[in-house]
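Colleague: Structure file structure38.txt, compact mmCIF, C-alpha atoms, is pasted below:
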```
# COMPACT_ATOMS: atom_id res chain seq x y z
CA MET A 1192 154.88 108.04 60.45
CA GLN A 1193 155.66 108.86 64.06
CA ARG A 1194 158.58 111.13 64.73
CA CYS A 1195 160.59 111.57 67.86
CA ARG A 1196 159.73 114.92 69.39
CA LEU A 1197 162.54 117.28 70.15
CA PRO A 1198 162.56 119.54 73.21
CA HIS A 1199 160.28 122.50 73.00
CA TRP A 1200 162.72 125.21 72.06
CA SER A 1201 159.91 127.18 70.52
CA SER A 1202 157.81 127.08 73.67
CA LEU A 1203 160.76 128.21 75.76
CA VAL A 1204 161.39 131.12 73.42
CA LEU A 1205 157.71 131.97 73.42
CA ARG A 1206 157.58 131.96 77.21
CA TRP A 1207 160.60 134.18 77.34
CA GLU A 1208 159.09 136.60 74.84
CA VAL A 1209 155.76 136.75 76.65
CA GLU A 1210 157.31 137.18 80.08
CA GLY A 1211 159.84 139.66 78.76
CA HIS A 1212 157.08 141.60 77.09
CA HIS A 1213 155.18 141.78 80.35
CA MET A 1214 158.36 142.80 82.12
CA ARG A 1215 159.09 145.56 79.63
CA GLN A 1216 155.54 146.79 79.72
CA GLY A 1217 155.45 146.60 83.48
CA ARG A 1218 152.01 145.10 83.04
CA ASN A 1219 152.47 141.88 84.91
CA HIS A 1220 154.15 143.54 87.81
CA SER A 1221 151.84 146.31 88.74
CA HIS A 1222 150.43 145.93 92.19
CA ASP A 1223 146.91 145.64 90.84
CA HIS A 1224 147.40 142.99 88.18
CA PHE A 1225 150.15 140.75 89.39
CA ARG A 1226 149.47 137.10 88.76
CA HIS A 1227 151.74 134.66 90.53
CA THR A 1228 152.27 131.08 89.55
CA ALA A 1229 153.12 128.27 91.92
CA SER A 1230 156.26 127.38 89.98
CA GLN A 1231 157.49 130.98 90.10
CA LEU A 1232 156.96 131.03 93.84
CA ALA A 1233 158.82 127.74 94.08
CA GLU A 1234 161.80 129.31 92.30
CA MET A 1235 162.09 131.68 95.25
CA GLY A 1236 162.91 128.72 97.44
CA TYR A 1237 165.77 127.87 95.12
CA CYS A 1238 167.43 131.18 94.32
CA GLU A 1239 165.80 134.60 94.10
CA ARG A 1240 168.53 136.04 91.92
CA LYS A 1241 168.16 133.24 89.43
CA MET A 1242 164.43 133.92 89.24
CA LEU A 1243 165.08 137.57 88.37
CA LEU A 1244 167.89 136.77 85.94
CA ARG A 1245 165.74 134.21 84.19
CA LEU A 1246 163.04 136.79 83.62
CA GLN A 1247 165.58 139.32 82.46
CA TYR A 1248 167.73 137.23 80.14
CA GLY A 1249 165.31 134.47 79.24
CA PRO A 1250 165.39 130.78 80.09
CA ARG A 1251 168.67 129.01 79.71
CA ALA A 1252 168.99 125.29 80.00
CA SER A 1253 171.63 122.75 79.20
CA LEU A 1254 170.82 119.80 76.99
CA SER A 1255 170.61 117.46 79.95
CA ARG A 1256 168.18 119.81 81.67
CA LEU A 1257 166.00 120.05 78.58
CA VAL A 1258 165.98 116.28 78.33
CA ALA A 1259 165.06 116.09 82.01
CA GLN A 1260 162.23 118.57 81.45
CA GLU A 1261 160.87 116.53 78.58
CA ARG A 1262 161.20 113.35 80.60
CA GLY A 1263 159.24 114.99 83.39
CA THR A 1264 156.48 115.93 80.96
CA THR A 1265 156.27 112.34 79.79
CA GLN A 1266 156.18 111.05 83.36
CA HIS A 1267 153.35 113.47 84.12
CA ALA A 1268 151.42 112.19 81.12
CA GLN A 1269 151.88 108.64 82.43
CA PHE A 1270 150.83 109.81 85.86
CA LEU A 1271 147.65 111.25 84.39
CA ALA A 1272 146.97 108.02 82.52
CA GLU A 1273 147.30 106.12 85.80
CA ALA A 1274 144.94 108.56 87.47
CA ARG A 1275 142.38 107.98 84.74
CA ARG A 1276 142.67 104.24 85.31
CA LEU A 1277 142.20 104.72 89.06
CA ASN A 1278 139.21 106.99 88.65
CA PRO A 1279 137.82 107.37 85.13
CA ARG A 1280 135.71 110.31 86.29
CA VAL A 1281 138.62 112.31 87.64
CA PHE A 1282 138.49 116.00 86.78
CA ASN A 1283 141.34 117.20 84.62
CA ASP A 1284 141.88 119.71 81.88
CA ALA A 1285 145.11 118.38 80.52
CA PRO A 1286 145.40 117.61 76.82
CA MET A 1287 148.34 115.40 77.63
CA GLN A 1288 149.04 112.41 75.48
CA LEU A 1289 151.61 109.75 75.90
CA PRO A 1290 154.14 109.52 73.07
CA SER A 1291 154.06 106.45 70.89
CA ALA A 1292 156.10 103.34 71.67
CA PRO A 1293 158.82 104.04 69.03
CA ALA A 1294 159.16 107.59 70.32
CA MET A 1295 159.53 106.28 73.87
CA LYS A 1296 162.26 103.88 72.72
CA CYS A 1297 164.07 106.73 70.97
CA ARG A 1298 163.87 108.82 74.12
CA ARG A 1299 165.20 106.04 76.32
CA LEU A 1300 168.12 105.56 73.94
CA ARG A 1301 168.77 109.29 73.92
CA ASP A 1302 168.57 109.46 77.73
CA LEU A 1303 171.05 106.62 77.96
CA LEU A 1304 173.41 108.42 75.58
CA VAL A 1305 173.11 111.64 77.59
CA ILE A 1306 173.94 109.75 80.79
CA ILE A 1307 176.95 108.04 79.18
CA VAL A 1308 178.25 111.30 77.69
CA GLY A 1309 177.72 113.06 81.02
CA LEU A 1310 179.62 110.36 82.92
CA PHE A 1311 182.40 110.45 80.34
CA MET A 1312 182.69 114.22 80.64
CA LYS A 1313 182.73 114.00 84.42
CA PHE A 1314 185.11 111.09 84.93
CA GLY A 1315 186.62 110.80 81.48
CA ALA A 1316 189.90 111.76 79.91
CA GLY A 1317 189.89 115.35 81.17
CA LYS A 1318 190.27 114.27 84.80
CA ARG A 1319 193.53 112.39 84.40
CA MET B 1394 144.64 51.84 76.27
CA GLN B 1395 142.51 54.77 77.18
CA ARG B 1396 142.45 57.42 74.52
CA PHE B 1397 142.93 61.04 75.57
CA SER B 1398 140.14 63.31 74.50
CA ILE B 1399 139.37 66.90 75.28
CA SER B 1400 136.04 66.91 76.92
CA GLY B 1401 133.90 69.76 78.04
CA SER B 1402 135.10 69.43 81.62
CA HIS B 1403 138.72 69.92 80.54
CA VAL B 1404 137.84 73.08 78.67
CA ALA B 1405 135.96 74.35 81.68
CA VAL B 1406 138.94 73.72 83.98
CA VAL B 1407 141.29 75.53 81.60
CA ARG B 1408 138.91 78.46 81.40
CA ILE B 1409 138.65 78.65 85.17
CA LEU B 1410 142.43 78.56 85.50
CA ALA B 1411 142.86 81.26 82.83
CA SER B 1412 140.27 83.41 84.53
CA ALA B 1413 141.98 82.97 87.90
CA LEU B 1414 145.36 83.83 86.38
CA GLN B 1415 143.90 86.93 84.77
CA ARG B 1416 142.37 87.99 88.08
CA ILE B 1417 145.65 87.48 89.91
CA ARG B 1418 147.50 89.56 87.29
CA GLY B 1419 144.89 92.30 87.57
CA TRP B 1420 145.13 92.24 91.35
CA LEU B 1421 148.94 92.52 91.18
CA ALA B 1422 148.70 95.40 88.71
CA ARG B 1423 146.20 97.17 90.99
CA GLN B 1424 148.52 96.65 93.93
CA ARG B 1425 151.40 98.18 91.97
CA ARG B 1426 149.28 101.15 90.99
CA GLN B 1427 147.96 101.62 94.49
CA ALA B 1428 151.46 101.67 95.92
CA ASP B 1429 151.49 105.40 95.23
CA ASP B 1430 147.80 105.80 95.85
CA LEU B 1431 146.40 106.93 99.16
CA THR B 1432 144.37 104.20 100.74
CA GLY B 1433 140.83 105.18 101.52
CA CYS B 1434 141.05 108.47 99.65
CA ARG B 1435 139.16 109.37 96.53
CA LEU B 1436 141.06 110.82 93.62
CA VAL B 1437 139.31 114.06 92.72
CA PHE B 1438 141.56 116.10 90.45
CA SER B 1439 144.50 115.22 88.29
CA GLU B 1440 146.64 117.57 86.21
CA LYS B 1441 144.16 120.38 86.66
CA THR B 1442 144.89 124.09 86.58
CA PHE B 1443 143.40 126.30 89.27
CA SER B 1444 143.33 130.05 89.03
CA ILE B 1445 142.20 132.36 91.81
CA ASN B 1446 141.98 136.13 92.16
CA GLN B 1447 141.55 136.33 95.93
CA PRO B 1448 143.38 136.63 98.30
CA ILE B 1449 146.17 136.83 95.71
CA MET B 1450 146.13 136.31 91.96
CA LEU B 1451 147.57 132.86 91.66
CA THR B 1452 147.62 130.15 89.02
CA SER B 1453 148.82 126.66 89.69
CA ARG B 1454 148.57 123.25 88.17
CA VAL B 1455 148.19 120.36 90.56
CA ASP B 1456 149.27 116.82 89.80
CA ARG B 1457 146.76 115.04 92.00
CA VAL B 1458 144.21 115.98 94.62
CA TYR B 1459 142.64 113.35 96.87
CA HIS B 1460 139.73 113.69 99.24
CA ASP B 1461 139.64 111.66 102.42
CA GLY B 1462 136.04 112.58 103.23
CA ILE B 1463 137.03 115.48 105.47
CA ALA B 1464 139.62 117.49 103.61
CA MET B 1465 141.68 117.42 100.46
CA VAL B 1466 145.22 116.14 100.19
CA LEU B 1467 147.61 117.24 97.46
CA MET B 1468 150.25 115.16 95.75
CA GLU B 1469 153.10 116.35 93.54
CA LEU B 1470 155.16 114.16 91.24
CA LYS B 1471 158.88 114.89 90.96
CA THR B 1472 161.23 113.00 88.68
CA ARG B 1473 164.74 113.12 90.09
CA TYR B 1474 167.67 110.91 90.93
CA ALA B 1475 168.05 111.94 94.55
CA GLU B 1476 165.28 110.96 96.93
CA ARG B 1477 165.22 114.41 98.45
CA VAL B 1478 162.52 116.96 99.04
CA TYR B 1479 163.59 120.56 98.56
CA SER B 1480 162.11 123.71 100.01
CA SER B 1481 160.96 124.72 96.52
CA ASP B 1482 158.76 121.59 96.43
CA ILE B 1483 157.11 122.57 99.70
CA ILE B 1484 156.53 126.14 98.51
CA GLU B 1485 155.02 124.89 95.26
CA LEU B 1486 152.73 122.43 97.01
CA SER B 1487 151.70 125.08 99.54
CA ALA B 1488 150.83 127.52 96.74
CA GLN B 1489 148.83 124.78 95.06
CA ARG B 1490 146.99 124.13 98.30
CA LEU B 1491 146.09 127.80 98.59
CA ALA B 1492 144.77 127.85 95.03
CA VAL B 1493 142.81 124.61 95.36
CA SER B 1494 141.24 125.44 98.72
CA PHE B 1495 140.15 128.93 97.64
CA TYR B 1496 138.95 127.70 94.25
CA THR B 1497 136.85 124.82 95.51
CA GLY B 1498 135.94 126.22 98.91
CA ASP B 1499 136.75 122.89 100.54
CA PRO B 1500 139.33 122.66 103.30
CA ALA B 1501 142.71 121.17 102.49
CA ASN B 1502 145.01 119.35 104.89
CA ASP B 1503 148.10 121.15 106.10
CA PHE B 1504 150.25 118.32 104.80
CA GLY B 1505 150.89 116.96 101.35
CA TYR B 1506 152.74 114.22 99.57
CA ILE B 1507 155.72 114.44 97.26
CA LEU B 1508 156.01 111.42 95.03
CA LEU B 1509 159.64 111.01 94.00
CA GLN B 1510 160.22 108.91 90.92
CA HIS B 1511 163.60 107.78 89.74
CA PRO B 1512 164.05 108.69 86.07
CA VAL B 1513 165.73 105.43 85.06
CA THR B 1514 164.46 102.73 87.40
CA ARG B 1515 161.07 104.48 87.90
CA ARG B 1516 161.08 103.48 91.52
CA ARG B 1517 158.65 105.58 93.49
CA VAL B 1518 158.99 106.89 97.01
CA ILE B 1519 156.40 108.93 98.86
CA ARG B 1520 157.38 111.67 101.26
CA LYS B 1521 154.88 113.32 103.54
CA VAL B 1522 155.62 117.01 104.05
CA ALA B 1523 154.18 119.73 106.23
CA LEU B 1524 152.97 122.64 104.14
CA LEU B 1525 153.26 126.36 104.70
CA SER B 1526 150.26 128.26 105.94
CA HIS B 1527 148.24 130.49 103.64
CA GLU B 1528 149.74 133.55 105.31
CA ASP B 1529 153.26 132.33 104.60
CA VAL B 1530 152.45 131.78 100.94
CA MET B 1531 150.91 135.24 100.70
CA SER B 1532 153.94 136.82 102.32
CA LEU B 1533 156.16 134.98 99.82
CA ALA B 1534 154.02 136.32 97.00
CA ASN B 1535 154.34 139.83 98.42
CA ARG B 1536 158.09 139.43 98.62
CA GLN B 1537 158.19 138.27 95.02
CA ARG B 1538 156.24 141.33 93.97
CA LEU B 1539 158.65 143.57 95.84
CA LEU B 1540 161.58 141.76 94.24
CA PHE B 1541 160.17 142.38 90.79
CA ASP B 1542 159.67 146.02 91.65
CA GLY B 1543 163.26 146.27 92.81
CA ALA B 1544 162.27 147.32 96.30
CA LEU B 1545 164.18 144.44 97.88
CA PRO B 1546 167.58 142.94 97.11
CA ALA B 1547 167.42 139.39 95.81
CA ARG B 1548 169.08 136.69 97.86
CA HIS B 1549 171.49 134.10 96.56
CA ALA B 1550 170.90 130.37 96.74
CA ASN B 1551 171.80 128.92 100.10
CA SER B 1552 173.67 125.99 98.67
CA PRO B 1553 177.00 126.54 96.85
CA GLU B 1554 176.16 123.49 94.75
CA CYS B 1555 173.19 125.36 93.27
CA SER B 1556 175.40 128.33 92.44
CA SER B 1557 178.03 126.18 90.74
CA ARG B 1558 175.43 124.64 88.44
CA CYS B 1559 173.63 127.90 87.69
CA GLU B 1560 173.35 128.99 84.05
CA TYR B 1561 173.46 132.66 84.98
CA GLN B 1562 176.76 132.68 86.86
CA SER B 1563 178.39 135.43 84.82
CA GLU B 1564 175.42 137.78 85.12
CA CYS B 1565 174.99 136.95 88.77
CA ARG B 1566 178.58 137.90 89.58
CA SER B 1567 178.25 141.19 87.76
CA GLY B 1568 174.98 142.00 89.48
CA ILE B 1569 171.54 142.66 88.12
CA PRO B 1570 171.35 145.93 86.18
CA ARG B 1571 168.12 147.45 87.36
CA ALA B 1572 167.95 150.29 84.82
CA ASP B 1573 166.76 148.19 81.89
CA PHE B 1574 164.99 145.68 84.08
CA ARG B 1575 162.32 147.96 85.43
CA THR B 1576 160.09 150.13 83.35
CA GLU B 1577 158.22 153.16 84.45
CA ARG B 1578 154.50 153.09 83.89
```
Translate the structure of the given file into structure tokens.

Modeller:
Amino acid sequence: MQRCRLPHWSSLVLRWEVEGHHMRQGRNHSHDHFRHTASQLAEMGYCERKMLLRLQYGPRASLSRLVAQERGTTQHAQFLAEARRLNPRVFNDAPMQLPSAPAMKCRRLRDLLVIIVGLFMKFGAGKR
Amino acid sequence: MQRFSISGSHVAVVRILASALQRIRGWLARQRRQADDLTGCRLVFSEKTFSINQPIMLTSRVDRVYHDGIAMVLMELKTRYAERVYSSDIIELSAQRLAVSFYTGDPANDFGYILLQHPVTRRRVIRKVALLSHEDVMSLANRQRLLFDGALPARHANSPECSSRCEYQSECRSGIPRADFRTER
């Protein structure tokens, strides 16, 4: 039986623990062994303080942001599937799989609910 | 009265029509797929991670890399409501370009494509962006290293909209305590 996947809380916590461990050990930030990632560099274009605070306090995300992250992962899996159709011999190392059709329906329903709740909270009874 | 009968010629006509319809549907599907594809370019990499140690230690995962016969072109997929390209997208794509070009040894174009996809309607828009040079990316990486070491003060986001939506507002107002952030080796 297929189940609808929830956002990866565990992976977020794991990332925080690993990065925090490196931060505490000072290992990842020595001048000799400092490995950058493209997404970390991209965070500098957004807000440098947020990048530091995220490493210090761990990732924080609202429900809508987590849903958006998961939606992005699904879109990337679809993007990869399209790439494989365009060129079956394309080089990739992604073990990405599209979720099943019932799971996709559940996610669309959930996304719709999140949008409705968000709109209600923005323009709803509290703004009168 | 002439009696209607299904002869072999009728079956053949139906088969030809079905085949034509199938070909037209396939052609339309290919056209839809190629709307975000670069014409005349060969898709080389997709969702592949590149890791380099020189000139900086950098790891990045690219969404798509095309080759036009002369140099590589990078494409990044972004799912967002607004059809806008942010500076963080350009930095990310530039870092990916550095990693891909040093990993493969092939030259990469100094421009890239951001594919913006609407999360609900799934409408796609392509934006062509000019990328940062390798030197700019390396200087950004150096700045990040200095920021982590506490040698430089971190800057706020330029946009007040970003600050209002930030999850770390309370800590940001109180400042970053450096004492427990850095560790002595």

Colleague: Which one is closest to chain A: B:Ser1400, B:Ser1494, B:Asn1535, B:Ser1526? Count all atoms listed in the file.

Modeller: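 Under the stated criterion, the closest residue is B:Asn1535.
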
Colleague: Report as a tab-separated table (two decimals) with C-alpha atoms, in the frame of the given file the set of chain B residues whose atoms approach chain A to within 7 Å, with distances computed over only C-alpha atoms.

Modeller:
```tsv
chain	number	residue	atom	x	y	z
B	1436	LEU	CA	141.06	110.82	93.62
B	1437	VAL	CA	139.31	114.06	92.72
B	1438	PHE	CA	141.56	116.10	90.45
B	1439	SER	CA	144.50	115.22	88.29
B	1440	GLU	CA	146.64	117.57	86.21
B	1441	LYS	CA	144.16	120.38	86.66
B	1450	MET	CA	146.13	136.31	91.96
B	1451	LEU	CA	147.57	132.86	91.66
B	1452	THR	CA	147.62	130.15	89.02
B	1453	SER	CA	148.82	126.66	89.69
B	1472	THR	CA	161.23	113.00	88.68
B	1480	SER	CA	162.11	123.71	100.01
B	1481	SER	CA	160.96	124.72	96.52
B	1482	ASP	CA	158.76	121.59	96.43
B	1484	ILE	CA	156.53	126.14	98.51
B	1485	GLU	CA	155.02	124.89	95.26
B	1488	ALA	CA	150.83	127.52	96.74
B	1489	GLN	CA	148.83	124.78	95.06
B	1534	ALA	CA	154.02	136.32	97.00
B	1538	ARG	CA	156.24	141.33	93.97
B	1541	PHE	CA	160.17	142.38	90.79
B	1547	ALA	CA	167.42	139.39	95.81
B	1548	ARG	CA	169.08	136.69	97.86
B	1549	HIS	CA	171.49	134.10	96.56
B	1550	ALA	CA	170.90	130.37	96.74
B	1560	GLU	CA	173.35	128.99	84.05
B	1561	TYR	CA	173.46	132.66	84.98
B	1574	PHE	CA	164.99	145.68	84.08
B	1576	THR	CA	160.09	150.13	83.35
B	1578	ARG	CA	154.50	153.09	83.89
```

Colleague: Which distance in Å separates atom CA of Met1531 of chain B and atom CA of Gln1447 of chain B, to one decimal?

Modeller: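 Between atom CA of Met1531 of chain B and atom CA of Gln1447 of chain B the gap works out to 10.6 Å.
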
Colleague: Nearest to Ile1463 of chain B among B:Ser1563, B:Asn1502, B:Thr1432, B:Ser1412, with distances taken over all atoms listed in the file: which residue is it?

Modeller: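 Checking each candidate against Ile1463 of chain B, we get B:Asn1502 as the closest.
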
Colleague: One number please: atom CA of Tyr1474 of chain B to atom CA of Ile1306 of chain A, in Å, one decimal.

Modeller: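 These atoms are spaced 12.0 Å apart.
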
Colleague: I'd like the interatomic distance between atom CA of Val1258 of chain A and atom CA of Ile1519 of chain B, to a tenth of an Å.

Modeller: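 Separating atom CA of Val1258 of chain A from atom CA of Ile1519 of chain B is a distance of 23.8 Å.
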